[in-house]
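Just run-v9.txt here, compact mmCIF, C-alpha atoms:
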```txt
# COMPACT_ATOMS: atom_id res chain seq x y z
CA MET A 1 -18.07 51.76 33.08
CA ASP A 2 -17.98 48.07 33.98
CA GLN A 3 -17.29 47.66 37.71
CA TYR A 4 -14.71 44.90 37.17
CA ILE A 5 -12.52 46.47 34.48
CA GLY A 6 -9.18 47.47 35.99
CA LYS A 7 -9.70 45.31 39.08
CA LEU A 8 -7.13 42.76 40.26
CA LEU A 9 -8.81 39.55 41.41
CA ASP A 10 -7.05 37.55 44.13
CA ASN A 11 -3.97 39.69 43.57
CA ARG A 12 -3.46 37.80 40.33
CA TYR A 13 -5.95 38.40 37.49
CA GLU A 14 -6.18 41.94 36.10
CA ILE A 15 -9.50 42.46 34.30
CA LEU A 16 -8.88 44.27 31.00
CA GLU A 17 -12.08 44.21 28.95
CA ARG A 18 -15.46 42.53 28.60
CA ILE A 19 -15.50 40.04 25.71
CA GLY A 20 -18.81 38.23 26.09
CA ILE A 21 -21.97 37.66 28.07
CA GLY A 22 -23.96 34.46 28.52
CA GLY A 23 -26.96 33.17 30.40
CA MET A 24 -25.20 32.97 33.74
CA ALA A 25 -21.87 34.77 33.52
CA VAL A 26 -19.95 37.67 32.00
CA VAL A 27 -16.65 36.87 30.30
CA TYR A 28 -13.63 39.16 30.48
CA LYS A 29 -10.17 39.21 28.98
CA ALA A 30 -7.66 39.37 31.81
CA LYS A 31 -3.95 39.18 32.44
CA CYS A 32 -2.56 36.62 34.87
CA HIS A 33 0.30 38.43 36.56
CA TRP A 34 1.71 35.26 38.11
CA LEU A 35 2.24 33.48 34.78
CA ASN A 36 2.34 36.56 32.56
CA ARG A 37 -0.33 35.37 30.13
CA PHE A 38 -3.75 36.45 28.93
CA VAL A 39 -6.75 34.43 30.08
CA ALA A 40 -10.54 34.55 29.98
CA VAL A 41 -12.31 35.10 33.31
CA LYS A 42 -15.96 34.11 33.60
CA ILE A 43 -17.67 35.93 36.51
CA LEU A 44 -21.02 34.70 37.78
CA LYS A 45 -23.82 37.25 37.25
CA GLU A 46 -24.85 39.17 40.34
CA ASP A 47 -28.44 37.91 40.46
CA LEU A 48 -27.25 34.28 40.40
CA ALA A 49 -24.47 35.02 42.88
CA GLN A 50 -27.19 35.76 45.46
CA ASP A 51 -28.30 32.09 45.31
CA GLU A 52 -26.08 30.04 47.63
CA GLU A 53 -27.16 26.70 46.18
CA PHE A 54 -26.44 27.89 42.65
CA ARG A 55 -23.03 29.18 43.69
CA ARG A 56 -22.19 25.81 45.23
CA ARG A 57 -23.15 23.96 42.06
CA PHE A 58 -21.33 26.47 39.84
CA HIS A 59 -18.18 25.78 41.86
CA GLU A 60 -18.62 21.98 41.75
CA GLU A 61 -19.32 21.91 38.00
CA SER A 62 -16.36 24.17 37.30
CA GLN A 63 -14.03 21.97 39.33
CA ALA A 64 -15.23 18.87 37.46
CA VAL A 65 -14.64 20.54 34.09
CA ALA A 66 -11.20 21.68 35.24
CA MET A 67 -10.27 17.98 35.36
CA LEU A 68 -10.69 17.75 31.57
CA SER A 69 -7.54 18.09 29.52
CA HIS A 70 -7.84 17.75 25.76
CA PRO A 71 -6.68 19.77 22.73
CA ASN A 72 -10.29 20.11 21.52
CA ILE A 73 -11.70 21.38 24.83
CA VAL A 74 -11.31 24.91 26.19
CA SER A 75 -9.10 24.48 29.26
CA VAL A 76 -10.21 25.63 32.71
CA TYR A 77 -7.18 26.85 34.66
CA ASP A 78 -8.58 28.02 37.96
CA VAL A 79 -11.79 28.11 39.99
CA SER A 80 -12.24 30.76 42.68
CA ARG A 81 -14.91 31.05 45.33
CA SER A 82 -14.95 33.87 47.84
CA PRO A 83 -17.72 35.65 49.78
CA GLU A 84 -17.65 38.50 47.23
CA LEU A 85 -17.12 36.74 43.90
CA ASP A 86 -17.34 33.45 42.04
CA TYR A 87 -15.36 33.05 38.84
CA ILE A 88 -13.55 30.57 36.65
CA VAL A 89 -10.37 31.24 34.69
CA MET A 90 -10.10 29.69 31.25
CA GLU A 91 -7.89 29.53 28.23
CA LEU A 92 -8.35 32.67 26.11
CA ILE A 93 -9.36 31.60 22.61
CA GLU A 94 -8.37 33.75 19.66
CA GLY A 95 -11.03 32.73 17.17
CA ILE A 96 -14.71 32.80 16.28
CA THR A 97 -17.60 30.47 16.99
CA LEU A 98 -18.48 27.73 14.52
CA LYS A 99 -21.80 29.55 14.00
CA GLN A 100 -19.94 32.71 12.97
CA TYR A 101 -17.59 30.67 10.79
CA MET A 102 -20.53 29.07 8.93
CA GLN A 103 -22.15 32.46 8.43
CA LYS A 104 -18.90 33.80 6.94
CA ARG A 105 -18.81 30.82 4.56
CA GLY A 106 -22.37 31.41 3.35
CA GLY A 107 -24.14 29.05 5.74
CA LYS A 108 -22.77 25.64 4.78
CA LEU A 109 -19.40 23.95 4.54
CA SER A 110 -17.94 21.36 2.19
CA TRP A 111 -18.35 17.77 3.36
CA LYS A 112 -14.58 17.50 3.84
CA GLU A 113 -14.47 20.55 6.11
CA SER A 114 -17.57 19.31 7.95
CA LEU A 115 -15.79 15.99 8.51
CA HIS A 116 -12.70 17.82 9.77
CA PHE A 117 -14.74 19.76 12.34
CA ILE A 118 -17.11 16.99 13.50
CA THR A 119 -14.16 14.63 14.07
CA GLN A 120 -12.59 17.12 16.48
CA ILE A 121 -15.93 17.74 18.24
CA MET A 122 -16.41 13.99 18.74
CA LYS A 123 -12.87 13.63 20.12
CA ALA A 124 -13.71 16.31 22.69
CA LEU A 125 -16.94 14.50 23.61
CA SER A 126 -15.16 11.15 23.85
CA HIS A 127 -12.73 12.61 26.38
CA ALA A 128 -15.44 14.28 28.46
CA HIS A 129 -17.77 11.27 28.40
CA SER A 130 -14.93 8.98 29.52
CA ARG A 131 -14.74 11.14 32.64
CA GLY A 132 -18.48 11.15 33.26
CA ILE A 133 -19.14 14.68 31.99
CA ILE A 134 -22.00 15.29 29.55
CA HIS A 135 -21.99 18.66 27.79
CA ARG A 136 -25.81 19.00 27.42
CA ASP A 137 -25.65 22.01 25.09
CA ILE A 138 -23.61 21.13 21.99
CA LYS A 139 -24.31 23.76 19.34
CA PRO A 140 -22.15 25.81 16.94
CA HIS A 141 -22.29 28.78 19.34
CA ASN A 142 -20.34 26.72 21.93
CA ILE A 143 -17.63 25.56 19.51
CA MET A 144 -14.68 27.83 18.79
CA VAL A 145 -12.79 27.74 15.49
CA LEU A 146 -9.15 28.77 15.76
CA ARG A 147 -7.03 30.31 13.03
CA ASP A 148 -5.26 27.03 12.32
CA GLY A 149 -8.57 25.25 11.61
CA SER A 150 -8.71 23.38 14.89
CA VAL A 151 -11.80 23.58 17.08
CA LYS A 152 -12.34 23.72 20.82
CA VAL A 153 -15.59 22.92 22.59
CA ALA A 154 -16.52 25.39 25.35
CA ASP A 155 -18.94 25.52 28.28
CA PHE A 156 -18.94 21.92 29.51
CA GLY A 157 -21.24 21.43 32.47
CA ILE A 158 -22.79 24.87 32.18
CA ALA A 159 -26.10 23.80 30.60
CA ARG A 160 -27.11 21.78 33.63
CA LEU A 161 -26.72 24.90 35.77
CA VAL A 162 -28.57 27.17 33.36
CA SER A 163 -31.52 24.80 33.09
CA ALA A 164 -31.63 24.50 36.88
CA SER A 165 -31.74 28.26 37.31
CA GLN A 166 -34.22 29.08 34.55
CA ASN A 167 -37.66 27.56 34.42
CA THR A 168 -38.81 29.45 31.35
CA MET A 169 -37.77 29.21 27.72
CA THR A 170 -35.41 32.17 27.51
CA GLN A 171 -33.57 33.62 24.52
CA GLU A 172 -30.69 31.35 25.51
CA ALA A 173 -33.01 28.33 25.28
CA LEU A 174 -34.28 29.51 21.91
CA GLY A 175 -30.76 29.21 20.51
CA SER A 176 -30.30 25.77 22.04
CA VAL A 177 -33.66 24.21 21.18
CA HIS A 178 -32.64 23.64 17.55
CA TYR A 179 -29.95 21.25 18.77
CA ILE A 180 -31.54 19.48 21.76
CA SER A 181 -32.17 15.77 21.79
CA PRO A 182 -35.74 14.40 21.93
CA GLU A 183 -35.15 13.18 25.49
CA GLN A 184 -34.05 16.67 26.54
CA ALA A 185 -37.13 18.12 24.83
CA ARG A 186 -39.30 15.71 26.84
CA GLY A 187 -37.45 16.45 30.07
CA SER A 188 -36.41 12.80 30.36
CA ARG A 189 -33.17 11.36 31.72
CA ILE A 190 -30.22 11.95 29.43
CA ASP A 191 -26.82 10.38 28.90
CA ALA A 192 -23.85 10.71 26.54
CA ARG A 193 -26.08 9.85 23.56
CA SER A 194 -27.85 13.20 24.00
CA ASP A 195 -24.57 14.95 23.12
CA ILE A 196 -24.23 12.64 20.11
CA TYR A 197 -27.68 13.71 18.86
CA SER A 198 -26.77 17.40 19.21
CA ALA A 199 -23.46 16.79 17.41
CA GLY A 200 -25.48 15.13 14.63
CA VAL A 201 -27.58 18.28 14.30
CA VAL A 202 -24.40 20.39 14.09
CA LEU A 203 -23.09 18.06 11.34
CA TYR A 204 -26.44 18.30 9.51
CA GLU A 205 -26.25 22.10 9.60
CA MET A 206 -22.64 22.18 8.41
CA LEU A 207 -23.41 19.86 5.48
CA THR A 208 -26.71 21.41 4.35
CA GLY A 209 -26.63 24.99 5.60
CA ARG A 210 -30.00 24.35 7.21
CA LEU A 211 -31.32 23.27 10.59
CA PRO A 212 -33.33 20.04 10.60
CA TYR A 213 -36.31 21.73 12.29
CA GLU A 214 -37.63 25.29 12.34
CA GLY A 215 -40.64 26.71 14.15
CA ASP A 216 -42.29 29.88 15.45
CA SER A 217 -41.46 29.07 19.07
CA PRO A 218 -39.03 26.94 21.09
CA VAL A 219 -41.89 24.59 21.99
CA ALA A 220 -42.79 24.08 18.30
CA VAL A 221 -39.19 23.16 17.49
CA ALA A 222 -38.90 20.89 20.54
CA ILE A 223 -42.03 18.96 19.50
CA GLN A 224 -40.50 18.32 16.06
CA HIS A 225 -37.38 16.85 17.67
CA ILE A 226 -39.68 14.40 19.46
CA ASN A 227 -42.09 13.52 16.64
CA SER A 228 -40.53 14.28 13.26
CA ILE A 229 -37.88 12.96 10.89
CA PRO A 230 -35.87 15.61 9.03
CA LEU A 231 -35.23 15.76 5.31
CA SER A 232 -32.16 13.68 4.55
CA PRO A 233 -29.03 15.75 3.86
CA ARG A 234 -28.66 14.46 0.28
CA GLU A 235 -32.18 15.67 -0.55
CA LEU A 236 -30.93 19.16 0.25
CA GLU A 237 -27.38 18.76 -1.09
CA PRO A 238 -26.90 15.78 -3.48
CA SER A 239 -23.10 16.13 -3.50
CA ILE A 240 -22.87 14.92 0.13
CA PRO A 241 -21.38 11.39 0.24
CA GLU A 242 -23.82 8.67 1.27
CA ALA A 243 -21.55 7.71 4.17
CA MET A 244 -21.73 11.22 5.62
CA GLU A 245 -25.51 11.20 5.32
CA GLU A 246 -25.73 7.81 7.06
CA ILE A 247 -23.52 8.98 9.92
CA THR A 248 -25.55 12.19 10.34
CA MET A 249 -28.91 10.42 10.39
CA LYS A 250 -27.72 7.68 12.76
CA ALA A 251 -26.40 10.29 15.20
CA MET A 252 -29.77 12.07 14.98
CA ALA A 253 -31.96 8.98 15.48
CA SER A 254 -34.88 9.95 17.72
CA ASP A 255 -34.65 6.56 19.47
CA MET A 256 -31.57 6.70 21.71
CA ASP A 257 -30.92 2.98 21.17
CA LYS A 258 -30.59 3.51 17.42
CA ARG A 259 -27.90 6.16 17.80
CA TYR A 260 -24.20 5.53 18.21
CA LEU A 261 -23.64 4.03 21.64
CA SER A 262 -20.64 6.28 22.21
CA ALA A 263 -18.63 9.12 20.73
CA ASP A 264 -15.88 6.58 20.00
CA ALA A 265 -18.29 4.47 17.93
CA MET A 266 -19.21 7.52 15.83
CA LEU A 267 -15.54 8.49 15.50
CA ALA A 268 -14.72 5.01 14.18
CA GLU A 269 -17.32 5.37 11.42
CA LEU A 270 -16.23 8.89 10.59
CA SER A 271 -12.65 7.73 10.07
CA GLN A 272 -13.63 4.57 8.15
CA LYS A 273 -16.50 5.53 5.90
CA ALA A 274 -15.96 9.19 5.21
CA ALA A 275 -12.19 9.05 4.91
CA ALA A 276 -12.47 6.11 2.51
CA ARG A 277 -14.14 8.28 -0.12
```
Can the structure from this file be put into structure tokens for me?
Amino acid sequence: MDQYIGKLLDNRYEILERIGIGGMAVVYKAKCHWLNRFVAVKILKEDLAQDEEFRRRFHEESQAVAMLSHPNIVSVYDVSRSPELDYIVMELIEGITLKQYMQKRGGKLSWKESLHFITQIMKALSHAHSRGIIHRDIKPHNIMVLRDGSVKVADFGIARLVSASQNTMTQEALGSVHYISPEQARGSRIDARSDIYSAGVVLYEMLTGRLPYEGDSPVAVAIQHINSIPLSPRELEPSIPEAMEEITMKAMASDMDKRYLSADAMLAELSQKAAAR
């Protein structure tokens, strides 16, 4: 039996069931008795909770993300730090990940649906970037699809913490390496354009049903992000409009200076070119 199920945290959040587990935290469905609503509570894993520096950064990152308020970003409601427990309280999302959604649809989506999703993802990134927050781990596993077709991006600020706490390529990293920017693969300094590259990879996968690079190990995939150019989407799926292909490849340019300078710049092209078809 999970030690937290049935517990009441801070005389407010009743833990009901475990709903997920990630690299650094366990996520539970809970009931907020003050506001009479269901929420998601993310509790820091015990081994990480022993590290005082990590706990401090977890708290700081969580507070920064709690400042974000956008319909395409999973809301953070509360951040708690006590001697016994560190946790964040978030909006409870009734939906599935974009990765699960693509799998249900046979791996790839129509260009119109891909446009619908990438536009919302870029709006989320625009909002976060305008407040100085870079996601660092944009991938379909971190994007939730709701029943009404809207999407919400989750786990802002978490990747920086995970990478700081793990020096080895873990299973978590294996899932992320298919979407990392070349500068992340090199361990270089990153900025908002790194999120744009990762969003480009997500768009590529939605349009083609394939990842741009595959390999036997995370390192092999990372090297391809640095040195290779992927097959163009229309080579894999000729029905994709040229404008969508151009946007995808520009977002995924290995040279940061050849990418979109901002999420807003990519959004402008998405609305102009793709919607014009």
Within 10 Å of (-24.6, 21.6, 10.8) (coordinates as in the file), grab all the protein and nucleic acid residues, counting all atoms listed in the file, and write them out as a tab-separated table (two decimals) with C-alpha atoms, in the frame of the given file.
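New file point_26.tsv:
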```
chain	number	residue	atom	x	y	z
A	98	LEU	CA	-18.48	27.73	14.52
A	99	LYS	CA	-21.80	29.55	14.00
A	102	MET	CA	-20.53	29.07	8.93
A	107	GLY	CA	-24.14	29.05	5.74
A	108	LYS	CA	-22.77	25.64	4.78
A	109	LEU	CA	-19.40	23.95	4.54
A	114	SER	CA	-17.57	19.31	7.95
A	118	ILE	CA	-17.11	16.99	13.50
A	139	LYS	CA	-24.31	23.76	19.34
A	140	PRO	CA	-22.15	25.81	16.94
A	179	TYR	CA	-29.95	21.25	18.77
A	198	SER	CA	-26.77	17.40	19.21
A	199	ALA	CA	-23.46	16.79	17.41
A	200	GLY	CA	-25.48	15.13	14.63
A	201	VAL	CA	-27.58	18.28	14.30
A	202	VAL	CA	-24.40	20.39	14.09
A	203	LEU	CA	-23.09	18.06	11.34
A	204	TYR	CA	-26.44	18.30	9.51
A	205	GLU	CA	-26.25	22.10	9.60
A	206	MET	CA	-22.64	22.18	8.41
A	207	LEU	CA	-23.41	19.86	5.48
A	208	THR	CA	-26.71	21.41	4.35
A	209	GLY	CA	-26.63	24.99	5.60
A	210	ARG	CA	-30.00	24.35	7.21
A	211	LEU	CA	-31.32	23.27	10.59
A	212	PRO	CA	-33.33	20.04	10.60
A	248	THR	CA	-25.55	12.19	10.34
```
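Among the candidates A:Val26, A:Val74, A:Ala64, A:Ala253, the residue lying nearest to A:Leu48 is A:Val26 (atoms considered: only C-alpha atoms).
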Subject >> Distance query 12 Å from (-39.7, 24.9, 19.3) using all atoms listed in the file, result as a ChimeraX atom specification >> reply: /A:169-171,173-180,182,185-186,212-227
**OP:** Kindly give the distance, in Å, that separates atom CA of A:Gly149 and atom CA of A:Gly106, rounded to a single decimal.
**Re:** 17.2 Å
**OP:** Considering all atoms listed in the file, return as an NGL selection string whatever protein or nucleic-acid residues lie within 10 Å of A:Asp155, sequence-local ones (same chain, fewer than 5 positions apart) excluded.
**Re:** :A and (62 or 65 or 73-76 or 135-138 or 142-143)
Original post:
If we count all atoms listed in the file, what is near A:Trp34 at a cut-off of 10 Å, once residues fewer than 4 positions away on the same chain are taken out, given as a PyMOL selection string?
Top reply: chain A and resi 11-13
**OP:** Give me, please, the distance in Å between atom CA of A:Asp78 and atom CA of A:Cys32, quoted to one decimal.
**Re:** 10.9 Å
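Coordinates place atom CA of A:Gln3 at a distance of 24.8 Å from atom CA of A:Arg57.
Comparing A:Ile19, A:Ile133, A:Val79, A:Val41 by their smallest distance to A:Ile96, the closest is A:Ile19 (using only C-alpha atoms).
Of the listed residues (A:Ile229, A:Ala251, A:Leu146, A:Val27), A:Ala251 comes nearest to A:Asp195; the distances count all atoms listed in the file.
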Original post:
With all atoms listed in the file as the atoms that count, which of A:Ala124, A:Leu231, A:Ile190, A:Leu85 lies nearest to A:Ala49?
Top reply: A:Leu85
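Shortest atom-to-atom contact with A:Ile88 among A:Gln103, A:Gln63, A:Gln184, A:Ser194: A:Gln63, counting only C-alpha atoms.
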**OP:** Write out as JSON, numbers by chain each polymer residue whose atoms come within 9 Å of A:Ser126, counting only C-alpha atoms; drop sequence neighbours fewer than 6 positions from it.
**Re:** {"A": [262, 263, 264, 267]}
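Neighbours of A:Arg234 closer than or equal to 7 Å, with all atoms listed in the file counted and sequence neighbours fewer than 5 positions away skipped, come out as Ser239, Ile240 and Glu245 of chain A.
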